[in-house]
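File shown: upload-v7.cif (mmCIF, C-alpha atoms).
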```cif
data_my_file
loop_
_atom_site.label_atom_id
_atom_site.label_comp_id
_atom_site.auth_asym_id
_atom_site.auth_seq_id
_atom_site.Cartn_x
_atom_site.Cartn_y
_atom_site.Cartn_z
CA MET A 1 -84.72 -147.46 69.78
CA ASN A 2 -88.14 -145.90 69.77
CA ASN A 3 -88.27 -142.64 71.58
CA LYS A 4 -90.66 -143.52 74.31
CA PHE A 5 -91.19 -139.96 75.40
CA ASP A 6 -92.34 -138.40 72.15
CA ALA A 7 -95.77 -137.82 73.57
CA LEU A 8 -94.31 -136.03 76.55
CA LYS A 9 -92.17 -133.89 74.29
CA ASP A 10 -95.25 -132.97 72.28
CA ASP A 11 -96.92 -131.89 75.48
CA ASP A 12 -94.36 -129.20 76.10
CA SER A 13 -96.09 -125.99 75.22
CA GLY A 14 -92.81 -124.11 75.55
CA ASP A 15 -91.27 -125.82 72.51
CA HIS A 16 -92.33 -123.87 69.49
CA ASP A 17 -89.28 -123.98 67.31
CA GLN A 18 -91.14 -124.80 64.16
CA ASP A 19 -91.71 -121.99 61.65
CA GLN A 20 -95.11 -120.47 61.87
CA GLY A 21 -97.15 -120.49 58.67
CA SER A 22 -96.88 -117.29 56.62
CA PRO A 23 -98.93 -115.99 53.72
CA LYS A 24 -97.57 -116.41 50.23
CA ASP A 25 -98.99 -113.19 48.82
CA GLY A 26 -95.64 -111.44 48.62
CA GLU A 27 -92.21 -111.12 50.14
CA LYS A 28 -93.04 -107.98 52.13
CA GLU A 29 -96.16 -109.45 53.65
CA LYS A 30 -94.28 -112.61 54.43
CA THR A 31 -91.53 -110.67 56.21
CA GLU A 32 -94.02 -108.58 58.14
CA ASP A 33 -95.92 -111.65 59.13
CA GLU A 34 -92.73 -113.34 60.31
CA ASP A 35 -91.84 -110.22 62.28
CA GLN A 36 -95.22 -110.33 63.93
CA ASN A 37 -94.80 -113.99 64.70
CA ILE A 38 -91.39 -113.37 66.26
CA LYS A 39 -92.86 -110.55 68.35
CA LYS A 40 -95.80 -112.69 69.40
CA LYS A 41 -93.47 -115.57 70.27
CA SER A 42 -91.15 -113.27 72.23
CA LEU A 43 -94.05 -111.76 74.13
CA SER A 44 -95.49 -115.18 74.77
CA ASP A 45 -92.12 -116.45 76.03
CA VAL A 46 -91.68 -113.44 78.30
CA LEU A 47 -95.21 -113.64 79.67
CA GLN A 48 -94.81 -117.36 80.37
CA MET A 49 -91.56 -116.86 82.28
CA VAL A 50 -91.69 -117.56 85.98
CA LEU A 51 -89.98 -114.73 87.87
CA PRO A 52 -89.34 -114.13 91.57
CA GLY A 53 -91.90 -111.89 93.25
CA ALA A 54 -90.93 -108.48 94.61
CA GLY A 55 -88.73 -108.86 97.67
CA GLU A 56 -88.35 -112.62 97.22
CA HIS A 57 -85.02 -114.45 97.19
CA PRO A 58 -84.18 -115.47 93.60
CA LEU A 59 -82.68 -118.85 92.87
CA GLN A 60 -79.78 -119.27 90.46
CA TYR A 61 -82.05 -121.35 88.22
CA ASN A 62 -85.77 -121.89 87.84
CA TYR A 63 -86.87 -125.41 88.70
CA THR A 64 -89.81 -127.66 87.87
CA PHE A 65 -91.41 -130.19 90.23
CA TRP A 66 -92.58 -133.41 88.55
CA TYR A 67 -94.33 -136.43 89.97
CA SER A 68 -94.67 -139.88 88.45
CA ARG A 69 -96.30 -143.10 89.58
CA ARG A 70 -96.38 -146.45 87.89
CA THR A 71 -99.91 -147.74 87.60
CA PRO A 72 -100.31 -150.68 89.99
CA GLY A 73 -100.55 -154.04 88.29
CA ARG A 74 -99.21 -152.79 85.00
CA PRO A 75 -95.75 -153.68 83.78
CA ALA A 76 -93.24 -150.94 83.16
CA SER A 77 -93.75 -149.74 79.64
CA THR A 78 -93.13 -146.77 77.47
CA GLN A 79 -96.74 -145.66 77.70
CA SER A 80 -97.00 -145.89 81.45
CA TYR A 81 -94.21 -143.38 82.01
CA GLU A 82 -95.50 -140.99 79.40
CA GLN A 83 -98.96 -141.09 80.88
CA ASN A 84 -98.00 -140.94 84.50
CA ILE A 85 -95.41 -138.19 84.72
CA LYS A 86 -97.05 -134.96 85.78
CA GLN A 87 -95.70 -131.45 86.07
CA ILE A 88 -96.60 -129.90 89.41
CA GLY A 89 -95.17 -126.41 88.95
CA ILE A 90 -92.26 -124.11 88.20
CA PHE A 91 -90.63 -121.74 90.69
CA ALA A 92 -87.95 -119.06 90.56
CA SER A 93 -87.44 -118.05 94.19
CA VAL A 94 -86.92 -119.61 97.61
CA GLU A 95 -90.38 -118.49 98.71
CA GLN A 96 -92.02 -119.95 95.62
CA PHE A 97 -90.21 -123.24 96.25
CA TRP A 98 -91.59 -123.46 99.77
CA ARG A 99 -95.09 -122.66 98.47
CA PHE A 100 -94.98 -125.74 96.26
CA TYR A 101 -93.13 -127.92 98.73
CA SER A 102 -95.51 -127.21 101.60
CA HIS A 103 -98.49 -128.06 99.38
CA MET A 104 -97.15 -131.48 98.40
CA ILE A 105 -96.97 -134.59 100.54
CA ARG A 106 -93.51 -135.72 101.66
CA PRO A 107 -91.84 -138.56 99.72
CA GLY A 108 -91.88 -140.76 102.82
CA ASP A 109 -95.68 -140.57 102.80
CA LEU A 110 -95.96 -141.72 99.19
CA THR A 111 -97.24 -145.19 98.50
CA GLY A 112 -96.53 -147.53 95.63
CA HIS A 113 -93.99 -147.08 92.89
CA SER A 114 -93.67 -143.27 92.93
CA ASP A 115 -91.06 -140.64 92.13
CA PHE A 116 -90.64 -136.95 92.80
CA HIS A 117 -88.40 -135.20 90.29
CA LEU A 118 -86.99 -131.72 90.73
CA PHE A 119 -85.25 -130.53 87.56
CA LYS A 120 -84.04 -127.25 86.19
CA GLU A 121 -86.69 -125.58 84.07
CA GLY A 122 -86.40 -126.78 80.48
CA ILE A 123 -84.83 -130.15 81.39
CA LYS A 124 -87.23 -133.07 81.40
CA PRO A 125 -86.56 -135.91 83.84
CA MET A 126 -85.76 -138.24 81.00
CA TRP A 127 -82.53 -139.87 79.84
CA GLU A 128 -83.14 -138.69 76.29
CA ASP A 129 -83.38 -134.98 77.09
CA ASP A 130 -80.56 -133.00 75.42
CA ALA A 131 -79.21 -131.92 78.79
CA ASN A 132 -79.19 -135.49 80.11
CA LYS A 133 -78.19 -137.64 77.16
CA MET A 134 -74.44 -137.38 77.84
CA GLY A 135 -74.91 -137.48 81.58
CA GLY A 136 -75.43 -139.78 84.47
CA LYS A 137 -76.47 -139.88 88.11
CA TRP A 138 -75.26 -140.65 91.58
CA ILE A 139 -77.54 -143.15 93.30
CA ILE A 140 -77.94 -143.75 97.02
CA ARG A 141 -80.19 -146.51 98.31
CA LEU A 142 -81.90 -145.77 101.59
CA ARG A 143 -83.65 -147.97 104.04
CA LYS A 144 -87.31 -147.14 104.58
CA GLY A 145 -88.03 -144.13 106.74
CA LEU A 146 -85.18 -141.89 105.60
CA ALA A 147 -86.38 -140.69 102.22
CA SER A 148 -88.09 -137.45 103.30
CA ARG A 149 -85.19 -136.13 105.31
CA CYS A 150 -82.55 -137.08 102.74
CA TRP A 151 -84.65 -135.68 99.89
CA GLU A 152 -85.02 -132.37 101.72
CA ASN A 153 -81.29 -132.15 102.36
CA LEU A 154 -80.54 -133.04 98.75
CA ILE A 155 -82.86 -130.53 97.12
CA LEU A 156 -81.93 -127.74 99.54
CA ALA A 157 -78.27 -128.27 98.59
CA MET A 158 -79.19 -128.21 94.90
CA LEU A 159 -81.38 -125.10 95.11
CA GLY A 160 -78.78 -123.34 97.27
CA GLU A 161 -76.04 -124.10 94.72
CA GLN A 162 -73.94 -126.05 97.21
CA PHE A 163 -72.52 -128.46 94.63
CA MET A 164 -70.31 -125.80 93.04
CA VAL A 165 -70.06 -127.51 89.66
CA GLY A 166 -71.26 -124.67 87.47
CA GLU A 167 -74.18 -125.64 85.26
CA GLU A 168 -73.53 -129.37 85.53
CA ILE A 169 -76.45 -130.30 87.79
CA CYS A 170 -79.65 -131.22 85.93
CA GLY A 171 -81.94 -132.30 88.74
CA ALA A 172 -82.69 -134.72 91.54
CA VAL A 173 -85.05 -137.67 91.96
CA VAL A 174 -86.46 -139.52 94.94
CA SER A 175 -87.87 -142.94 94.10
CA VAL A 176 -90.16 -144.70 96.55
CA ARG A 177 -90.05 -148.45 96.08
CA PHE A 178 -91.34 -151.51 97.88
CA GLN A 179 -88.44 -152.34 100.19
CA GLU A 180 -86.20 -149.31 99.88
CA ASP A 181 -86.12 -145.73 98.67
CA ILE A 182 -83.55 -144.28 96.31
CA ILE A 183 -82.33 -140.74 95.87
CA SER A 184 -80.29 -139.64 92.89
CA ILE A 185 -78.79 -136.51 91.46
CA TRP A 186 -78.32 -136.13 87.73
CA ASN A 187 -75.54 -134.22 85.97
CA LYS A 188 -74.85 -133.30 82.35
CA THR A 189 -71.45 -134.83 81.67
CA ALA A 190 -70.87 -138.38 82.83
CA GLY A 191 -67.30 -138.32 81.47
CA ASP A 192 -66.19 -135.37 83.60
CA GLN A 193 -64.63 -137.15 86.55
CA ALA A 194 -63.66 -134.00 88.45
CA THR A 195 -67.30 -132.92 88.38
CA THR A 196 -68.75 -136.29 89.35
CA ALA A 197 -66.22 -136.58 92.20
CA ARG A 198 -67.15 -133.15 93.50
CA ILE A 199 -70.86 -134.00 93.34
CA ARG A 200 -70.18 -137.25 95.24
CA ASP A 201 -68.22 -135.46 97.97
CA THR A 202 -70.85 -132.74 98.36
CA LEU A 203 -73.55 -135.39 98.47
CA ARG A 204 -71.75 -137.16 101.30
CA ARG A 205 -71.45 -133.91 103.21
CA VAL A 206 -74.99 -132.56 102.77
CA LEU A 207 -76.60 -135.93 103.49
CA ASN A 208 -74.13 -136.56 106.30
CA LEU A 209 -73.43 -140.01 104.91
CA PRO A 210 -71.06 -142.34 106.73
CA PRO A 211 -67.87 -143.20 104.79
CA ASN A 212 -69.00 -146.76 104.12
CA THR A 213 -72.22 -145.69 102.38
CA ILE A 214 -72.39 -147.24 98.94
CA MET A 215 -72.80 -144.67 96.22
CA GLU A 216 -73.17 -145.77 92.65
CA TYR A 217 -72.63 -143.66 89.56
CA LYS A 218 -74.59 -144.77 86.53
CA THR A 219 -74.47 -143.18 83.08
CA HIS A 220 -77.80 -142.66 81.35
CA ASN A 221 -76.43 -144.59 78.38
CA ASP A 222 -76.03 -147.60 80.66
CA SER A 223 -79.54 -147.04 81.99
CA ILE A 224 -80.93 -146.99 78.45
CA LYS A 225 -79.03 -150.18 77.56
CA ALA A 226 -80.23 -151.90 80.72
CA TRP A 227 -83.79 -150.87 79.94
CA GLU A 228 -83.48 -152.23 76.42
CA ASP A 229 -81.97 -155.50 77.67
CA PHE A 230 -84.57 -156.04 80.36
CA HIS A 231 -87.53 -154.32 78.79
CA GLY A 232 -90.57 -154.99 80.84
CA LEU A 233 -88.58 -156.04 83.89
CA VAL A 234 -87.20 -152.72 85.07
CA ASN A 235 -88.53 -149.24 85.39
CA PRO A 236 -88.10 -147.25 82.16
CA SER A 237 -88.71 -143.89 83.75
CA GLY A 238 -85.14 -143.02 84.56
CA GLY A 239 -86.12 -142.80 88.19
CA LEU A 240 -83.81 -145.67 89.03
CA MET B 1 -101.52 -93.08 46.66
CA GLU B 2 -103.06 -95.09 49.38
CA VAL B 3 -100.57 -93.81 51.91
CA THR B 4 -101.25 -90.16 51.03
CA LEU B 5 -104.96 -90.55 51.42
CA TYR B 6 -104.54 -92.30 54.73
CA ALA B 7 -102.11 -89.68 55.99
CA ARG B 8 -104.41 -86.79 55.03
CA LYS B 9 -107.34 -88.40 56.68
CA THR B 10 -105.42 -89.04 59.88
CA PHE B 11 -103.92 -85.56 59.86
CA GLN B 12 -107.34 -83.97 59.80
CA LYS B 13 -108.51 -86.21 62.51
CA HIS B 14 -105.51 -85.72 64.80
CA LEU B 15 -104.43 -82.13 64.17
CA GLU B 16 -104.02 -81.24 67.84
CA PRO B 17 -101.65 -83.99 68.91
CA ALA B 18 -99.30 -83.11 66.07
CA ARG B 19 -98.58 -79.60 67.40
CA PRO B 20 -96.14 -80.47 70.16
CA LEU B 21 -93.88 -82.05 67.57
CA ARG B 22 -93.68 -78.73 65.71
CA ARG B 23 -92.90 -76.84 68.90
CA CYS B 24 -89.96 -79.11 69.49
CA MET B 25 -88.30 -77.89 66.27
CA PRO B 26 -85.42 -75.43 66.87
CA PHE B 27 -86.07 -71.77 66.01
CA GLY B 28 -84.69 -70.45 62.74
CA ILE B 29 -85.37 -73.61 60.79
CA GLU B 30 -87.75 -73.18 57.95
CA PRO B 31 -90.74 -75.42 58.24
CA LYS B 32 -90.67 -78.10 55.64
CA ILE B 33 -93.33 -78.04 53.03
CA ASN B 34 -94.42 -81.57 53.77
CA ALA B 35 -94.18 -81.09 57.54
CA ALA B 36 -97.87 -81.66 57.94
CA ALA B 37 -97.65 -85.03 56.23
CA GLU B 38 -94.64 -85.98 58.36
CA CYS B 39 -96.51 -85.06 61.53
CA ALA B 40 -99.44 -87.11 60.40
CA GLN B 41 -97.13 -90.01 59.71
CA ALA B 42 -95.69 -89.64 63.21
CA VAL B 43 -99.19 -89.78 64.64
CA ILE B 44 -99.95 -92.89 62.63
CA GLU B 45 -96.76 -94.55 63.78
CA GLU B 46 -97.10 -93.54 67.41
CA PRO B 47 -99.43 -96.29 68.64
CA TYR B 48 -97.34 -98.99 66.94
CA ARG B 49 -94.10 -97.60 68.36
CA GLU B 50 -95.55 -97.51 71.86
CA THR B 51 -96.50 -101.17 71.68
CA THR B 52 -93.09 -102.18 70.36
CA ILE B 53 -91.26 -100.27 73.06
CA GLY B 54 -93.46 -101.88 75.67
CA ILE B 55 -92.51 -105.39 74.62
CA GLU B 56 -88.87 -104.48 74.19
CA GLU B 57 -88.72 -102.87 77.61
CA LEU B 58 -90.28 -105.94 79.12
CA TYR B 59 -87.71 -108.06 77.33
CA GLN B 60 -84.88 -105.83 78.55
CA ILE B 61 -86.06 -106.21 82.13
CA VAL B 62 -86.18 -109.98 81.74
CA ASN B 63 -82.75 -110.07 80.07
CA LEU B 64 -81.32 -107.89 82.83
CA TYR B 65 -82.69 -110.37 85.34
CA LYS B 66 -81.14 -113.26 83.40
CA GLN B 67 -77.77 -111.49 83.15
CA THR B 68 -77.78 -110.75 86.87
CA LYS B 69 -78.28 -114.46 87.53
CA LYS B 70 -75.47 -115.39 85.13
CA LYS B 71 -72.96 -112.94 86.61
CA GLY B 72 -72.90 -114.25 90.13
CA ASN B 73 -73.59 -117.54 91.76
CA ILE B 74 -76.70 -117.19 93.93
CA SER B 75 -76.08 -119.62 96.73
CA TYR B 76 -77.89 -120.19 100.01
CA THR B 77 -77.05 -122.33 102.99
CA ARG B 78 -79.47 -124.97 104.14
CA SER B 79 -80.28 -123.12 107.36
CA PHE B 80 -80.98 -119.89 105.45
CA LEU B 81 -83.39 -121.69 103.11
CA ILE B 82 -85.14 -123.38 106.03
CA GLY B 83 -85.32 -119.99 107.78
CA LEU B 84 -87.58 -118.77 104.96
CA ALA B 85 -89.87 -121.79 105.03
CA ASN B 86 -92.37 -120.29 107.45
CA CYS B 87 -92.49 -116.71 106.19
CA PRO B 88 -95.99 -115.67 105.02
CA GLU B 89 -94.98 -115.56 101.34
CA ALA B 90 -93.74 -119.14 101.55
CA ARG B 91 -96.99 -120.42 103.06
CA LYS B 92 -99.32 -119.15 100.33
CA ARG B 93 -100.92 -121.65 98.03
CA PRO B 94 -99.38 -121.42 94.52
CA GLU B 95 -101.72 -119.84 92.01
CA PHE B 96 -101.64 -122.87 89.71
CA LEU B 97 -101.57 -126.31 91.28
CA PRO B 98 -102.87 -129.39 89.51
CA ASP B 99 -105.66 -131.38 91.07
CA HIS B 100 -103.74 -134.43 92.18
CA PRO B 101 -103.68 -136.80 95.18
CA ILE B 102 -100.17 -135.67 96.18
CA VAL B 103 -101.22 -131.99 96.16
CA LEU B 104 -102.55 -130.65 99.47
CA MET B 105 -105.32 -128.10 99.88
CA ALA B 106 -103.53 -126.24 102.68
CA ALA B 107 -99.85 -125.82 103.49
CA ARG B 108 -98.59 -128.57 105.77
CA ASP B 109 -96.55 -127.90 108.88
CA LEU B 110 -92.81 -127.66 108.17
CA GLY B 111 -91.78 -127.54 111.82
CA HIS B 112 -89.66 -130.66 111.40
CA LEU B 113 -87.21 -128.63 109.30
CA HIS B 114 -86.39 -126.36 112.23
CA GLU B 115 -85.90 -129.42 114.42
CA MET B 116 -83.46 -130.69 111.79
CA ILE B 117 -81.44 -127.48 112.15
CA ARG B 118 -81.44 -127.66 115.96
CA GLY B 119 -80.50 -131.32 115.99
CA GLY B 120 -78.03 -131.14 113.09
CA MET B 121 -78.57 -133.20 109.97
CA GLY B 122 -78.52 -136.44 111.92
CA GLY B 123 -78.77 -139.82 110.41
CA LYS B 124 -75.10 -140.68 110.47
CA GLY B 125 -74.71 -144.38 110.09
CA ASP B 126 -78.38 -145.12 109.57
CA VAL B 127 -78.54 -145.02 105.78
#
```
Could you spell out this file's structure in structure tokens?
Amino acid sequence: MNNKFDALKDDDSGDHDQDQGSPKDGEKEKTEDEDQNIKKKSLSDVLQMVLPGAGEHPLQYNYTFWYSRRTPGRPASTQSYEQNIKQIGIFASVEQFWRFYSHMIRPGDLTGHSDFHLFKEGIKPMWEDDANKMGGKWIIRLRKGLASRCWENLILAMLGEQFMVGEEICGAVVSVRFQEDIISIWNKTAGDQATTARIRDTLRRVLNLPPNTIMEYKTHNDSIKAWEDFHGLVNPSGGL
Amino acid sequence: MEVTLYARKTFQKHLEPARPLRRCMPFGIEPKINAAAECAQAVIEEPYRETTIGIEELYQIVNLYKQTKKKGNISYTRSFLIGLANCPEARKRPEFLPDHPIVLMAARDLGHLHEMIRGGMGGKGDV
């Protein structure tokens, strides 16, 4: 399968694992140059880190807000997702989260085929990301009018570490669609039933879902297969 | 040869700053013959060392922050998080926000969150 998110991966300025070029004049110069490169990289990494401000309430993890929207009239395709997903910002504290959240419209006010994604920093909202590739997601379908409130309850539980599943949570998505809205929470290990059960139970509690609410767990592998089978007919973004 | 020339040149240029290093030497120890060259070398190395320590210290601070986060689970209840939503720091516009239709110029009112706390989570049975 073609990796449809290569372009997005290339966009990530934080990924600089490749060796930097070094002069071939001699071993010593080469070593010194590599040392300098490591120092520059370290400094660059440190300077690019998002940290809580003085007196702010730190979060257990840094998170990134993403937004994506399928271009109206265009079929779902690899290019459309790559081109339409946009990083809004990264935050490290409760205060920083509210700064971003209060400067973005609520999901219930979105129009068209749109998604908000809130993922831990370093994890892209894509099935193919290393943190996601063995994982899956709990999906809850909502009737229109409930997305904003449920999304707020979901992300507050995630940011506040209410799921109590260690480092398993990857992120959350709210997908605004034509006749319904969908919220989902992604975790790293689809095969860990104790973890997925705990996430489901916490989800029921924090969203105050009635017992008969249908919750579906879908592995990302299944999502990828479904996308391959129905290419062009379903959304390839991983939002659903 | 290059190093010696460089050291001599720097020593002549920075004679004064080298003195405190000599004063730090314990009494009764014979000054080394090449002490002057060593002091000069110390002066040469000083700016580089300062820069390195600066980066390393910064790294240590960041690592300390990371370790603190790893040690304990930083958890917050929903009502605590909502309680911070209207504090002045939480209302500021982020320094970097993309120009995008979903991004607002000014912070929107989050009063509905406090109503959610007062009225409970609500929504039971209406999903």
Could you list, as a short mmCIF file (atom, residue, chain, number, x, y, z; two decimals) with C-alpha atoms, keeping the file's coordinate frame, every residue within 9 Å of Leu156 in chain A, counting only C-alpha atoms and ignoring same-chain residues fewer than 5 positions away?
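What landed in out.cif:
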```cif
data_model
loop_
_atom_site.label_atom_id
_atom_site.label_comp_id
_atom_site.auth_asym_id
_atom_site.auth_seq_id
_atom_site.Cartn_x
_atom_site.Cartn_y
_atom_site.Cartn_z
CA TRP A 151 -84.65 -135.68 99.89
CA GLU A 161 -76.04 -124.10 94.72
CA GLN A 162 -73.94 -126.05 97.21
CA TYR B 76 -77.89 -120.19 100.01
CA THR B 77 -77.05 -122.33 102.99
CA ARG B 78 -79.47 -124.97 104.14
CA LEU B 81 -83.39 -121.69 103.11
CA ILE B 82 -85.14 -123.38 106.03
#
```
Legend entry - Shell around Asp181 in chain A at 8 Å using only C-alpha atoms, local window under 6 positions removed, as a PyMOL selection string: chain A and resi 141-144+146-147+174-175
Inset, instruction - Might you spell out which residues the PyMOL selection byres ((chain A) within 8 of (chain B)) would select in the displayed file, as a ChimeraX atom specification? - result: /A:43,46,58-61,88-89,94-100,102-105,110,141-143,146,153,156-157,159-162,207-210,213
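Here, the PyMOL selection byres ((chain A and resi 124) around 10) matches Phe5, Leu8, Lys9, Asp12, Thr64, Trp66, Gln87, His117, Leu118, Phe119, Lys120, Glu121, Gly122, Ile123, Pro125, Met126, Trp127, Glu128, Asp129, Asp130, Ala131, Asn132, Cys170 and Gly171 of chain A.
Atom pair CA of Phe163 in chain A / CA of Trp138 in chain A has a distance of 12.9 Å (rounded to one decimal).
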Inset, instruction - I would like the residues chosen by the PyMOL selection byres ((chain A and resi 135) around 9) on the shown file; could you give them as a VMD selection string? - result: chain A and resid 127 131 to 134 136 to 137 170 186 to 191 218 to 221
Legend entry - CA of Thr111 in chain A to CA of Ser148 in chain A, straight-line distance in Å: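 Result for CA of Ser148 in chain A versus CA of Thr111 in chain A: 12.9 Å, one decimal.
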Legend entry - CA of Asn84 in chain A to CA of Thr71 in chain A, straight-line distance in Å: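 Separating CA of Thr71 in chain A from CA of Asn84 in chain A is a distance of 7.7 Å.
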